[in-house]
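**Student:** What follows is a single structure, and I will ask about it in a moment.
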Amino acid sequence: MNPVGGSPALTIFATPKAFRGHFDVIQRNAISSWTKLGVDVILMGDDAGGPEVAREFGIRHIGGIASFSSGVPRLDELFNRAENEVTSGLLCYVNADIMMTDSLLRAAGRVATTSPMLMIGRRWDVDITEPWDFSGDWQTRLREFAYGTGKDCGAGCIDYFLFSRGLGRNLLPLALGRPRVDHYLVSNAYRRGATVYDATDIVLAVHQNHDYSHHPGGTQGVWSGEEAEHNRRLIGRSWRMMTLDDVRLRLTATGVERNYGHIWRDISFSWRHPSSFAQSVVRSIRGR
């Protein structure tokens, strides 16, 4: 299945949590929004309900993803499997609680010919506790609801990663859904010479707020538990953790703009890490 309106072929893949309680509601909302866009969707992982929900929506499910003892998927295995399964077009990893609109497709069409490429953006946090009404002009209603009642989560909240094939290979075996993964993916893209775009101005990503009851340790377990420490150890202190504030190109309604706000952060980082100075200067000049 391909997007309508001349948009590039796109596959969204995600790793939903068990379909229970509130997570069942918000993950179904998210998946419904993706399938309404006319793109291919793949649910991955082995949490309860995944295969059944995939059959219900008429989309693919892939299990057997290498995971930690807790069941949390490994980043490298997840993205590598997606690369193996998708033979053409763009890939987009989306957290399973994120509702998207066709603004994603329009933005994808503007960056599709760039390779290697990564497109990311901020999310809007909203409270949704019931199934979303997808009748009629559901996208306008979602947009008005998000901008009217939601909250911009900030530059560090990155919940979708649209990228050209190949960029999902050779990643670190990090624990998905734990600290530093999002920022590592941005840093990794830059290190591999990719052009990175911030699509916040034109792409609406709606995050449905939830608790952390899926983890035995709750919020503290997610942010400070064994898997979180694993990510910190593996990435190490020498790796720069990039946020949207560091992205040098912004997609706007009228074109692509340079984001000069990153320059002082680049200089500060390079002063502390002299070996990266020349590379930082070159990237700043190229706007990548």
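Numbering starts fresh at 1 for the residues of each chain in the structure tokens, the chains themselves are lettered A, B, ... in the order given, and ligands are numbered from 1 as they appear.
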Give the helix (DSSP H, G or I) residues of range 58-232 of chain A, as assigned by DSSP on the backbone, as JSON, numbers by chain.
**Tutor:** {"A": [75, 76, 77, 78, 79, 80, 81, 82, 83, 84, 85, 103, 104, 105, 106, 107, 108, 109, 110, 111, 138, 139, 140, 141, 142, 143, 144, 145, 146, 147, 148, 149, 181, 182, 183, 184, 185, 186, 187, 188, 189, 190, 191, 218, 219, 220, 221, 222, 223, 224, 226, 227, 228, 229, 230, 231, 232]}
**Student:** Just C-alpha atoms for this one: save the residues we selected as a PDB file, in the first residue's frame.
**Tutor:**
ATOM      1  CA  LEU A  75      17.431  -0.937  19.086  1.00  0.00           C
ATOM      2  CA  ASP A  76      19.929  -2.433  16.641  1.00  0.00           C
ATOM      3  CA  GLU A  77      17.927  -5.607  16.100  1.00  0.00           C
ATOM      4  CA  LEU A  78      14.647  -3.752  15.653  1.00  0.00           C
ATOM      5  CA  PHE A  79      15.923  -1.295  13.048  1.00  0.00           C
ATOM      6  CA  ASN A  80      17.990  -3.933  11.249  1.00  0.00           C
ATOM      7  CA  ARG A  81      14.960  -6.216  10.975  1.00  0.00           C
ATOM      8  CA  ALA A  82      12.896  -3.356   9.582  1.00  0.00           C
ATOM      9  CA  GLU A  83      15.615  -2.666   7.005  1.00  0.00           C
ATOM     10  CA  ASN A  84      15.530  -6.334   5.982  1.00  0.00           C
ATOM     11  CA  GLU A  85      11.749  -6.399   5.647  1.00  0.00           C
ATOM     12  CA  SER A 103       1.432  16.232   7.439  1.00  0.00           C
ATOM     13  CA  LEU A 104       4.023  13.451   7.825  1.00  0.00           C
ATOM     14  CA  LEU A 105       3.524  12.403   4.218  1.00  0.00           C
ATOM     15  CA  ARG A 106       3.776  15.926   2.864  1.00  0.00           C
ATOM     16  CA  ALA A 107       7.034  16.485   4.740  1.00  0.00           C
ATOM     17  CA  ALA A 108       8.376  13.110   3.612  1.00  0.00           C
ATOM     18  CA  GLY A 109       7.756  14.111   0.020  1.00  0.00           C
ATOM     19  CA  ARG A 110      10.011  17.127   0.450  1.00  0.00           C
ATOM     20  CA  VAL A 111      13.010  15.174   1.753  1.00  0.00           C
ATOM     21  CA  TRP A 138     -10.611  13.528  12.108  1.00  0.00           C
ATOM     22  CA  GLN A 139      -7.281  15.160  11.279  1.00  0.00           C
ATOM     23  CA  THR A 140      -8.585  18.708  11.682  1.00  0.00           C
ATOM     24  CA  ARG A 141     -10.211  17.778  14.972  1.00  0.00           C
ATOM     25  CA  LEU A 142      -6.999  16.164  16.195  1.00  0.00           C
ATOM     26  CA  ARG A 143      -4.951  19.195  15.164  1.00  0.00           C
ATOM     27  CA  GLU A 144      -7.297  21.622  16.922  1.00  0.00           C
ATOM     28  CA  PHE A 145      -7.372  19.421  20.021  1.00  0.00           C
ATOM     29  CA  ALA A 146      -3.582  19.091  20.192  1.00  0.00           C
ATOM     30  CA  TYR A 147      -2.800  22.770  19.656  1.00  0.00           C
ATOM     31  CA  GLY A 148      -5.710  23.885  21.828  1.00  0.00           C
ATOM     32  CA  THR A 149      -5.218  21.642  24.862  1.00  0.00           C
ATOM     33  CA  VAL A 181      18.163   6.367  22.521  1.00  0.00           C
ATOM     34  CA  ASP A 182      16.465   9.306  20.764  1.00  0.00           C
ATOM     35  CA  HIS A 183      19.459  11.597  21.084  1.00  0.00           C
ATOM     36  CA  TYR A 184      21.849   8.845  20.052  1.00  0.00           C
ATOM     37  CA  LEU A 185      19.916   8.346  16.809  1.00  0.00           C
ATOM     38  CA  VAL A 186      20.306  12.040  15.948  1.00  0.00           C
ATOM     39  CA  SER A 187      24.015  12.050  16.785  1.00  0.00           C
ATOM     40  CA  ASN A 188      24.565   8.837  14.865  1.00  0.00           C
ATOM     41  CA  ALA A 189      22.914  10.276  11.754  1.00  0.00           C
ATOM     42  CA  TYR A 190      25.244  13.276  11.792  1.00  0.00           C
ATOM     43  CA  ARG A 191      28.301  11.110  12.308  1.00  0.00           C
ATOM     44  CA  GLY A 218       7.490   2.710  37.353  1.00  0.00           C
ATOM     45  CA  THR A 219       8.953   6.026  36.222  1.00  0.00           C
ATOM     46  CA  GLN A 220      12.125   5.575  38.258  1.00  0.00           C
ATOM     47  CA  GLY A 221      12.676   2.152  36.748  1.00  0.00           C
ATOM     48  CA  VAL A 222      12.413   3.492  33.217  1.00  0.00           C
ATOM     49  CA  TRP A 223      14.842   6.358  33.797  1.00  0.00           C
ATOM     50  CA  SER A 224      17.241   4.852  36.338  1.00  0.00           C
ATOM     51  CA  GLU A 226      19.333  -1.511  34.784  1.00  0.00           C
ATOM     52  CA  GLU A 227      18.499  -0.937  31.099  1.00  0.00           C
ATOM     53  CA  ALA A 228      18.842   2.824  31.464  1.00  0.00           C
ATOM     54  CA  GLU A 229      22.288   2.348  32.983  1.00  0.00           C
ATOM     55  CA  HIS A 230      23.164  -0.084  30.191  1.00  0.00           C
ATOM     56  CA  ASN A 231      22.430   2.634  27.631  1.00  0.00           C
ATOM     57  CA  ARG A 232      24.505   5.191  29.499  1.00  0.00           C
TER      58      ARG A 232
END
**Student:** Nearest to Ser70 in chain A among A:Asp137, A:Ala175, A:Val196, A:His207, with distances taken over only C-alpha atoms: which residue is it?
**Tutor:** A:Ala175
**Student:** Report as a ChimeraX atom specification: the residues of range 16-248 of chain A with a DSSP assignment of strand (DSSP E or B), based on the backbone of this structure.
**Tutor:** /A:40-44,60-62,67,73-74,90-94,98-100,117-120,122,124-126,151-152,158,160-163,175,195-198,205-208
**Student:** Taking C-alpha atoms for each residue, export the selection above as a short mmCIF file (atom, residue, chain, number, x, y, z; two decimals), in the first residue's frame.
**Tutor:**
data_model
loop_
_atom_site.label_atom_id
_atom_site.label_comp_id
_atom_site.auth_asym_id
_atom_site.auth_seq_id
_atom_site.Cartn_x
_atom_site.Cartn_y
_atom_site.Cartn_z
CA ASP A 40 2.48 0.26 5.12
CA VAL A 41 2.54 -0.44 8.86
CA ILE A 42 4.50 -3.13 10.69
CA LEU A 43 4.06 -3.98 14.37
CA MET A 44 7.15 -5.61 15.84
CA ARG A 60 2.05 -7.08 9.28
CA HIS A 61 3.40 -8.34 12.59
CA ILE A 62 6.98 -9.49 13.11
CA SER A 67 15.36 -8.31 23.49
CA PRO A 73 13.62 -4.81 22.32
CA ARG A 74 17.16 -4.02 21.26
CA LEU A 90 11.41 5.41 3.30
CA LEU A 91 11.25 3.97 6.82
CA CYS A 92 9.74 5.69 9.84
CA TYR A 93 9.99 4.43 13.40
CA VAL A 94 7.16 5.87 15.50
CA ILE A 98 1.99 8.72 18.79
CA MET A 99 -0.86 9.72 16.47
CA MET A 100 0.19 11.12 13.11
CA MET A 117 18.56 11.54 5.47
CA LEU A 118 16.83 11.71 8.85
CA MET A 119 13.68 13.73 9.56
CA ILE A 120 12.50 14.28 13.14
CA ARG A 122 8.84 17.63 18.43
CA TRP A 124 2.60 17.56 21.44
CA ASP A 125 1.49 15.98 24.74
CA VAL A 126 -2.28 15.54 25.15
CA LYS A 151 1.70 21.03 25.42
CA ASP A 152 4.89 21.25 23.37
CA ILE A 158 11.63 13.02 19.71
CA TYR A 160 9.36 9.66 15.31
CA PHE A 161 12.37 9.05 13.06
CA LEU A 162 11.83 9.07 9.30
CA PHE A 163 14.95 7.98 7.44
CA ALA A 175 17.45 -0.73 25.17
CA THR A 195 21.25 15.44 6.28
CA VAL A 196 18.98 15.95 9.29
CA TYR A 197 15.76 17.95 9.13
CA ASP A 198 13.62 19.34 11.95
CA ALA A 205 3.01 14.31 16.20
CA VAL A 206 0.46 13.81 18.99
CA HIS A 207 1.70 12.01 22.09
CA GLN A 208 -1.05 10.50 24.24
#
**Student:** In Å, how far is it from CA of Ala18 in chain A to CA of Gly45 in chain A?
**Tutor:**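 According to the coordinates, CA of Ala18 in chain A and CA of Gly45 in chain A are separated by 9.9 Å.
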**Student:** Might you pull out every residue within 12 Å of range 56-59 of chain A, with only C-alpha atoms counted and same-chain residues fewer than 6 positions away left off, and present them as a VMD selection string?
**Tutor:** chain A and resid 1 11 to 14 28 to 36 38 to 44 49 to 50
**Student:** May I ask for the distance between CA of Thr200 in chain A and CA of Arg180 in chain A, given in Å to one decimal place?
**Tutor:**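 We find that CA of Thr200 in chain A and CA of Arg180 in chain A lie 20.1 Å from each other.
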**Student:** Near Phe19 in chain A, counting only C-alpha atoms, which residues have an atom at most 10 Å away, once you skip same-chain residues fewer than 5 positions from it, shown as a PyMOL selection string?
**Tutor:** chain A and resi 24-28+47-50+52-53
**Student:** Grab the residues selected above and save them as a PDB file, in the first residue's frame with N, CA and C atoms.
**Tutor:**
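Once written, selection.pdb looks like this:
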ATOM      1  N   ASP A  24      -3.950  -0.077  25.641  1.00  0.00           N
ATOM      2  CA  ASP A  24      -4.741  -0.638  24.552  1.00  0.00           C
ATOM      3  C   ASP A  24      -5.446   0.484  23.786  1.00  0.00           C
ATOM      4  N   VAL A  25      -6.002   1.442  24.517  1.00  0.00           N
ATOM      5  CA  VAL A  25      -6.737   2.545  23.889  1.00  0.00           C
ATOM      6  C   VAL A  25      -5.817   3.423  23.061  1.00  0.00           C
ATOM      7  N   ILE A  26      -4.732   3.890  23.662  1.00  0.00           N
ATOM      8  CA  ILE A  26      -3.909   4.880  22.964  1.00  0.00           C
ATOM      9  C   ILE A  26      -3.109   4.254  21.826  1.00  0.00           C
ATOM     10  N   GLN A  27      -2.718   2.978  21.974  1.00  0.00           N
ATOM     11  CA  GLN A  27      -1.975   2.349  20.885  1.00  0.00           C
ATOM     12  C   GLN A  27      -2.890   2.062  19.701  1.00  0.00           C
ATOM     13  N   ARG A  28      -4.129   1.704  19.962  1.00  0.00           N
ATOM     14  CA  ARG A  28      -5.084   1.528  18.868  1.00  0.00           C
ATOM     15  C   ARG A  28      -5.354   2.864  18.181  1.00  0.00           C
ATOM     16  N   ASP A  47       5.145  -8.464  22.722  1.00  0.00           N
ATOM     17  CA  ASP A  47       4.251  -8.143  23.824  1.00  0.00           C
ATOM     18  C   ASP A  47       2.822  -8.596  23.508  1.00  0.00           C
ATOM     19  N   ALA A  48       2.050  -8.820  24.556  1.00  0.00           N
ATOM     20  CA  ALA A  48       0.715  -9.393  24.430  1.00  0.00           C
ATOM     21  C   ALA A  48      -0.182  -8.549  23.529  1.00  0.00           C
ATOM     22  N   GLY A  49      -0.875  -9.247  22.641  1.00  0.00           N
ATOM     23  CA  GLY A  49      -1.871  -8.598  21.797  1.00  0.00           C
ATOM     24  C   GLY A  49      -1.365  -8.120  20.454  1.00  0.00           C
ATOM     25  N   GLY A  50      -0.052  -8.071  20.263  1.00  0.00           N
ATOM     26  CA  GLY A  50       0.499  -7.544  19.017  1.00  0.00           C
ATOM     27  C   GLY A  50       0.022  -8.280  17.778  1.00  0.00           C
ATOM     28  N   GLU A  52      -2.564 -10.224  17.349  1.00  0.00           N
ATOM     29  CA  GLU A  52      -4.014 -10.130  17.196  1.00  0.00           C
ATOM     30  C   GLU A  52      -4.438  -8.763  16.657  1.00  0.00           C
ATOM     31  N   VAL A  53      -3.833  -7.707  17.189  1.00  0.00           N
ATOM     32  CA  VAL A  53      -4.170  -6.355  16.738  1.00  0.00           C
ATOM     33  C   VAL A  53      -3.720  -6.156  15.288  1.00  0.00           C
TER      34      VAL A  53
END
**Student:** Hey, can you check how far CA of Arg258 in chain A sits from CA of Asp201 in chain A?
**Tutor:**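 Between these atoms lies a distance of 13.2 Å.
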**Student:** Which polymer residues have any atom within 12 Å of an atom of Thr87 in chain A, counting only C-alpha atoms, with same-chain residues fewer than 6 positions away left out, as a list in words?
**Tutor:** Ala9, Leu10, Thr11, Arg81, Ser164, Arg165 and Gly166 of chain A
